[in-house]
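Dumped input-v9.pdb below, it's PDB, C-alpha atoms and all ligand atoms:
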```
ATOM      1  CA  MET X   1     -31.168  19.742  -1.097
ATOM      2  CA  ALA X   2     -33.298  17.022   0.395
ATOM      3  CA  VAL X   3     -33.934  17.031   4.113
ATOM      4  CA  THR X   4     -33.344  13.603   5.557
ATOM      5  CA  TRP X   5     -33.147  12.298   9.079
ATOM      6  CA  SER X   6     -29.786  10.802   9.967
ATOM      7  CA  LYS X   7     -28.209   9.043  12.920
ATOM      8  CA  ASP X   8     -26.435  12.190  14.111
ATOM      9  CA  LEU X   9     -29.881  13.657  14.865
ATOM     10  CA  GLU X  10     -30.772  10.826  17.195
ATOM     11  CA  THR X  11     -31.529  11.962  20.736
ATOM     12  CA  GLY X  12     -32.088   8.468  22.119
ATOM     13  CA  ASN X  13     -35.692   9.148  23.147
ATOM     14  CA  ALA X  14     -37.926   7.021  20.914
ATOM     15  CA  GLN X  15     -40.932   9.361  20.890
ATOM     16  CA  ILE X  16     -38.875  12.487  20.256
ATOM     17  CA  ASP X  17     -36.854  10.770  17.521
ATOM     18  CA  SER X  18     -39.920   9.482  15.746
ATOM     19  CA  GLU X  19     -41.561  12.916  15.852
ATOM     20  CA  HIS X  20     -38.373  14.509  14.503
ATOM     21  CA  GLN X  21     -38.499  12.066  11.597
ATOM     22  CA  THR X  22     -42.082  13.096  10.812
ATOM     23  CA  LEU X  23     -41.108  16.748  11.130
ATOM     24  CA  LEU X  24     -38.185  16.431   8.726
ATOM     25  CA  LYS X  25     -40.331  14.501   6.265
ATOM     26  CA  ALA X  26     -42.865  17.357   6.367
ATOM     27  CA  ALA X  27     -40.051  19.860   5.768
ATOM     28  CA  ASP X  28     -38.745  17.770   2.888
ATOM     29  CA  ASP X  29     -42.218  17.563   1.340
ATOM     30  CA  LEU X  30     -42.482  21.349   1.477
ATOM     31  CA  ILE X  31     -39.056  21.872  -0.135
ATOM     32  CA  ASP X  32     -40.010  19.305  -2.740
ATOM     33  CA  ALA X  33     -43.301  21.052  -3.509
ATOM     34  CA  CYS X  34     -41.447  24.374  -3.826
ATOM     35  CA  THR X  35     -38.579  23.168  -5.984
ATOM     36  CA  LYS X  36     -40.668  21.036  -8.302
ATOM     37  CA  GLY X  37     -42.634  24.143  -9.172
ATOM     38  CA  LYS X  38     -45.892  22.775  -7.868
ATOM     39  CA  GLY X  39     -48.665  25.320  -7.705
ATOM     40  CA  ARG X  40     -49.744  27.228  -4.630
ATOM     41  CA  GLU X  41     -52.516  24.648  -4.148
ATOM     42  CA  ALA X  42     -49.893  22.021  -3.287
ATOM     43  CA  ILE X  43     -47.669  24.324  -1.261
ATOM     44  CA  GLY X  44     -50.449  25.635   1.007
ATOM     45  CA  PRO X  45     -51.243  22.236   2.585
ATOM     46  CA  ALA X  46     -47.526  21.309   2.819
ATOM     47  CA  VAL X  47     -46.658  24.496   4.681
ATOM     48  CA  ASP X  48     -49.744  24.255   6.910
ATOM     49  CA  PHE X  49     -48.901  20.682   7.883
ATOM     50  CA  LEU X  50     -45.294  21.607   8.675
ATOM     51  CA  VAL X  51     -46.365  24.475  10.934
ATOM     52  CA  SER X  52     -49.071  22.467  12.685
ATOM     53  CA  TYR X  53     -46.868  19.419  13.214
ATOM     54  CA  THR X  54     -44.080  21.651  14.547
ATOM     55  CA  LYS X  55     -46.524  22.960  17.166
ATOM     56  CA  THR X  56     -47.741  19.452  18.024
ATOM     57  CA  HIS X  57     -44.194  18.203  18.486
ATOM     58  CA  PHE X  58     -43.146  21.187  20.601
ATOM     59  CA  THR X  59     -46.219  20.722  22.818
ATOM     60  CA  HIS X  60     -45.274  17.074  23.387
ATOM     61  CA  GLU X  61     -41.672  17.961  24.213
ATOM     62  CA  GLN X  62     -42.784  20.675  26.630
ATOM     63  CA  GLY X  63     -45.114  18.198  28.332
ATOM     64  CA  LEU X  64     -42.174  15.836  28.835
ATOM     65  CA  GLN X  65     -40.078  18.689  30.232
ATOM     66  CA  LEU X  66     -42.697  19.492  32.835
ATOM     67  CA  LYS X  67     -43.235  15.840  33.679
ATOM     68  CA  TYR X  68     -39.520  15.298  34.274
ATOM     69  CA  ASN X  69     -38.739  18.720  35.797
ATOM     70  CA  PHE X  70     -36.308  19.685  33.075
ATOM     71  CA  PRO X  71     -34.239  22.613  34.424
ATOM     72  CA  GLU X  72     -33.832  24.180  30.960
ATOM     73  CA  TYR X  73     -37.614  24.391  30.458
ATOM     74  CA  PRO X  74     -37.918  28.231  30.309
ATOM     75  CA  ASN X  75     -35.184  28.619  27.682
ATOM     76  CA  HIS X  76     -36.321  25.653  25.674
ATOM     77  CA  VAL X  77     -39.915  26.915  25.564
ATOM     78  CA  LYS X  78     -38.720  30.381  24.588
ATOM     79  CA  TRP X  79     -36.794  28.871  21.671
ATOM     80  CA  HIS X  80     -39.859  26.882  20.568
ATOM     81  CA  GLN X  81     -42.090  29.981  20.731
ATOM     82  CA  THR X  82     -39.715  32.094  18.656
ATOM     83  CA  TYR X  83     -39.376  29.306  16.118
ATOM     84  CA  VAL X  84     -43.146  28.861  15.764
ATOM     85  CA  ALA X  85     -43.583  32.622  15.303
ATOM     86  CA  ASP X  86     -40.884  32.617  12.588
ATOM     87  CA  MET X  87     -42.469  29.622  10.850
ATOM     88  CA  GLU X  88     -45.921  31.199  10.943
ATOM     89  CA  ALA X  89     -44.564  34.387   9.385
ATOM     90  CA  LEU X  90     -42.760  32.349   6.738
ATOM     91  CA  ALA X  91     -45.931  30.363   5.985
ATOM     92  CA  VAL X  92     -47.815  33.595   5.299
ATOM     93  CA  LYS X  93     -45.012  34.793   2.998
ATOM     94  CA  ILE X  94     -44.847  31.516   1.073
ATOM     95  CA  LYS X  95     -48.581  31.565   0.521
ATOM     96  CA  GLU X  96     -48.441  35.170  -0.678
ATOM     97  CA  GLN X  97     -45.337  34.975  -2.833
ATOM     98  CA  GLY X  98     -45.440  31.371  -3.989
ATOM     99  CA  PRO X  99     -42.394  29.082  -4.205
ATOM    100  CA  THR X 100     -39.664  31.547  -5.160
ATOM    101  CA  ILE X 101     -35.966  30.716  -4.829
ATOM    102  CA  ALA X 102     -35.798  33.176  -1.936
ATOM    103  CA  MET X 103     -38.596  31.306  -0.141
ATOM    104  CA  VAL X 104     -36.862  27.962  -0.592
ATOM    105  CA  ALA X 105     -33.692  29.501   0.860
ATOM    106  CA  GLU X 106     -35.665  30.756   3.865
ATOM    107  CA  VAL X 107     -37.251  27.356   4.451
ATOM    108  CA  ASN X 108     -33.778  25.782   4.314
ATOM    109  CA  MET X 109     -32.511  28.305   6.830
ATOM    110  CA  GLU X 110     -35.354  27.496   9.234
ATOM    111  CA  ILE X 111     -34.680  23.781   8.845
ATOM    112  CA  SER X 112     -31.019  24.215   9.626
ATOM    113  CA  LYS X 113     -31.947  26.149  12.793
ATOM    114  CA  LEU X 114     -34.182  23.238  13.766
ATOM    115  CA  LEU X 115     -31.399  20.698  13.155
ATOM    116  CA  THR X 116     -29.071  22.645  15.443
ATOM    117  CA  HIS X 117     -31.822  22.760  18.083
ATOM    118  CA  ILE X 118     -32.278  18.989  17.847
ATOM    119  CA  LYS X 119     -28.554  18.311  18.165
ATOM    120  CA  THR X 120     -28.143  20.539  21.205
ATOM    121  CA  MET X 121     -31.249  21.398  23.254
ATOM    122  CA  ASP X 122     -33.282  18.289  22.363
ATOM    123  CA  VAL X 123     -30.314  15.978  22.956
ATOM    124  CA  ARG X 124     -29.923  17.497  26.437
ATOM    125  CA  LEU X 125     -33.652  17.008  27.047
ATOM    126  CA  ALA X 126     -33.526  13.339  26.021
ATOM    127  CA  LYS X 127     -30.526  12.768  28.309
ATOM    128  CA  HIS X 128     -32.375  14.383  31.172
ATOM    129  CA  ILE X 129     -35.479  12.223  30.609
ATOM    130  CA  LYS X 130     -33.305   9.157  30.484
ATOM    131  CA  SER X 131     -31.594   9.856  33.758
ATOM    132  CA  ALA X 132     -34.778  11.063  35.456
ATOM    133  CA  SER X 133     -36.882   8.100  34.363
ATOM    134  CA  GLY X 134     -34.239   5.407  34.323
ATOM    135  CA  LYS X 135     -35.401   4.502  30.783
TER     136      LYS X 135
HETATM  137 FE    FE T   1     -37.650  18.535  19.043
HETATM  138 FE    FE T   2     -37.179  21.156  21.357
END
```
Encoded form using structure tokens:
Amino acid sequence: MAVTWSKDLETGNAQIDSEHQTLLKAADDLIDACTKGKGREAIGPAVDFLVSYTKTHFTHEQGLQLKYNFPEYPNHVKWHQTYVADMEALAVKIKEQGPTIAMVAEVNMEISKLLTHIKTMDVRLAKHIKSASGK
């Protein structure tokens, strides 16, 4: 199943939304590389980009949380850290085992966790930034 950004994922913060779109595109590219039976050479860069962009995005969000004194910062950061650790472990597995059906299922599971995070914790963050900044 393709991963696409949709309106219900919108947080209302332009930077966060645009980074989420890039993130989902990276996830979709990885699923695509796995399901189209591309070799490990294609999957390695796709998985590396997804992991590195996930970290970049989380770092930006955490910077915004500090800047705007977001009260949920500790929990939000904890969630990000756990997610990055899970993604790093999954990246190692994908590189070792190649694009098996089980791997694709695991990637999909991680993506659905991320979508839930966006719709709940990130939406609350965007609301907070909006009220704190008046933007
Ligand atoms: Fe996010
Ligand atoms: Fe987040």
Task: Nearest-residue call for ligand FE 1 (chain T), choices X:Ala102, X:Ala85, X:Leu66, X:Leu24, using all atoms listed in the file - done: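 Using all atoms listed in the file, ligand FE 1 (chain T) sits closest to X:Leu24.
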TODO: Would you be able to write out as a VMD selection string which residues have an atom within 12 Å of (-36.3, 23.3, 30.7) in the file's coordinates, counting all atoms listed in the file?
DONE: chain X and resid 61 to 80 121 to 122 124 to 126 128 to 129
- [ ] Go through the shown structure with the PyMOL selection byres (((chain X and resi 3-13) around 6) and not hetatm) and write out the matching residues as a PyMOL selection string.
- [x] chain X and resi 2+14-17+21+28+119+123+126
Task: Reference answer for the PyMOL selection byres (((chain X and resi 40) around 10) and not hetatm), as a PyMOL selection string - done: chain X and resi 33-34+37-39+41-46+94-99
Can you tell me, as a PDB file with C-alpha atoms, in the coordinates of the input, which residues sit within 10 Å of (-45.7, 15.8, 9.9) in the file's frame, using all atoms listed in the file?
```pdb
ATOM      1  CA  GLU X  19     -41.561  12.916  15.852  1.00  0.00           C
ATOM      2  CA  HIS X  20     -38.373  14.509  14.503  1.00  0.00           C
ATOM      3  CA  GLN X  21     -38.499  12.066  11.597  1.00  0.00           C
ATOM      4  CA  THR X  22     -42.082  13.096  10.812  1.00  0.00           C
ATOM      5  CA  LEU X  23     -41.108  16.748  11.130  1.00  0.00           C
ATOM      6  CA  LEU X  24     -38.185  16.431   8.726  1.00  0.00           C
ATOM      7  CA  LYS X  25     -40.331  14.501   6.265  1.00  0.00           C
ATOM      8  CA  ALA X  26     -42.865  17.357   6.367  1.00  0.00           C
ATOM      9  CA  ALA X  27     -40.051  19.860   5.768  1.00  0.00           C
ATOM     10  CA  ASP X  29     -42.218  17.563   1.340  1.00  0.00           C
ATOM     11  CA  ALA X  46     -47.526  21.309   2.819  1.00  0.00           C
ATOM     12  CA  ASP X  48     -49.744  24.255   6.910  1.00  0.00           C
ATOM     13  CA  PHE X  49     -48.901  20.682   7.883  1.00  0.00           C
ATOM     14  CA  LEU X  50     -45.294  21.607   8.675  1.00  0.00           C
ATOM     15  CA  VAL X  51     -46.365  24.475  10.934  1.00  0.00           C
ATOM     16  CA  SER X  52     -49.071  22.467  12.685  1.00  0.00           C
ATOM     17  CA  TYR X  53     -46.868  19.419  13.214  1.00  0.00           C
ATOM     18  CA  THR X  54     -44.080  21.651  14.547  1.00  0.00           C
ATOM     19  CA  THR X  56     -47.741  19.452  18.024  1.00  0.00           C
ATOM     20  CA  HIS X  57     -44.194  18.203  18.486  1.00  0.00           C
TER      21      HIS X  57
END
```
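Proximity to ligand FE 1 (chain T) was assessed for X:Ser131, X:Thr82, X:Thr100, X:Thr120 counting only C-alpha atoms and all ligand atoms; the smallest distance is recorded for X:Thr120.
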Task: Point-to-point distance in Å for atom CA of Val47 of chain X and atom CA of Ala91 of chain X - done: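 Rounded to one decimal, the two atoms are 6.1 Å apart.
For the structure shown here, the set of residues caught by the PyMOL selection byres (((chain X and resi 108) around 12) and not hetatm) is Met1, Ala2, Val3, Leu24, Ala27, Asp28, Leu30, Ile31, Asp32, Cys34, Thr35, Met87, Leu90, Ile101, Ala102, Met103, Val104, Ala105, Glu106, Val107, Met109, Glu110, Ile111, Ser112, Lys113, Leu114 and Leu115 of chain X.
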Open item on the list: I'd like to know which of X:His60, X:Lys36, X:Lys130, X:Lys93 is closest to ligand FE 1 (chain T), using all atoms listed in the file.
Closed with: X:His60
Open item on the list: Please report the interatomic distance between atom CA of Val84 of chain X and atom CA of Thr116 of chain X in Å with one decimal.
Closed with: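 A separation of 15.4 Å between them.
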Where's the centre, and what are the edge lengths in Å to one decimal, of a box along x, y and z enclosing all listed atoms of segment 55-65 of chain X padded 5 Å per side, as JSON?
```
{"center_x": -43.9, "center_y": 19.4, "center_z": 23.7, "size_x": 17.7, "size_y": 17.1, "size_z": 23.1}
```
Open item on the list: With distances taken over only C-alpha atoms and all ligand atoms, which residue among X:Lys55, X:Ile118, X:Ser18, X:Ala89 lies nearest ligand FE 2 (chain T)?
Closed with: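 Answer, going by the shortest atom-to-atom distance: X:Ile118.
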Task: Minimum-distance residue to ligand FE 1 (chain T), chosen among X:Glu88, X:Gly134, X:Lys127, X:His117 (using only C-alpha atoms and all ligand atoms) - done: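 Result for the nearest residue to ligand FE 1 (chain T): X:His117.
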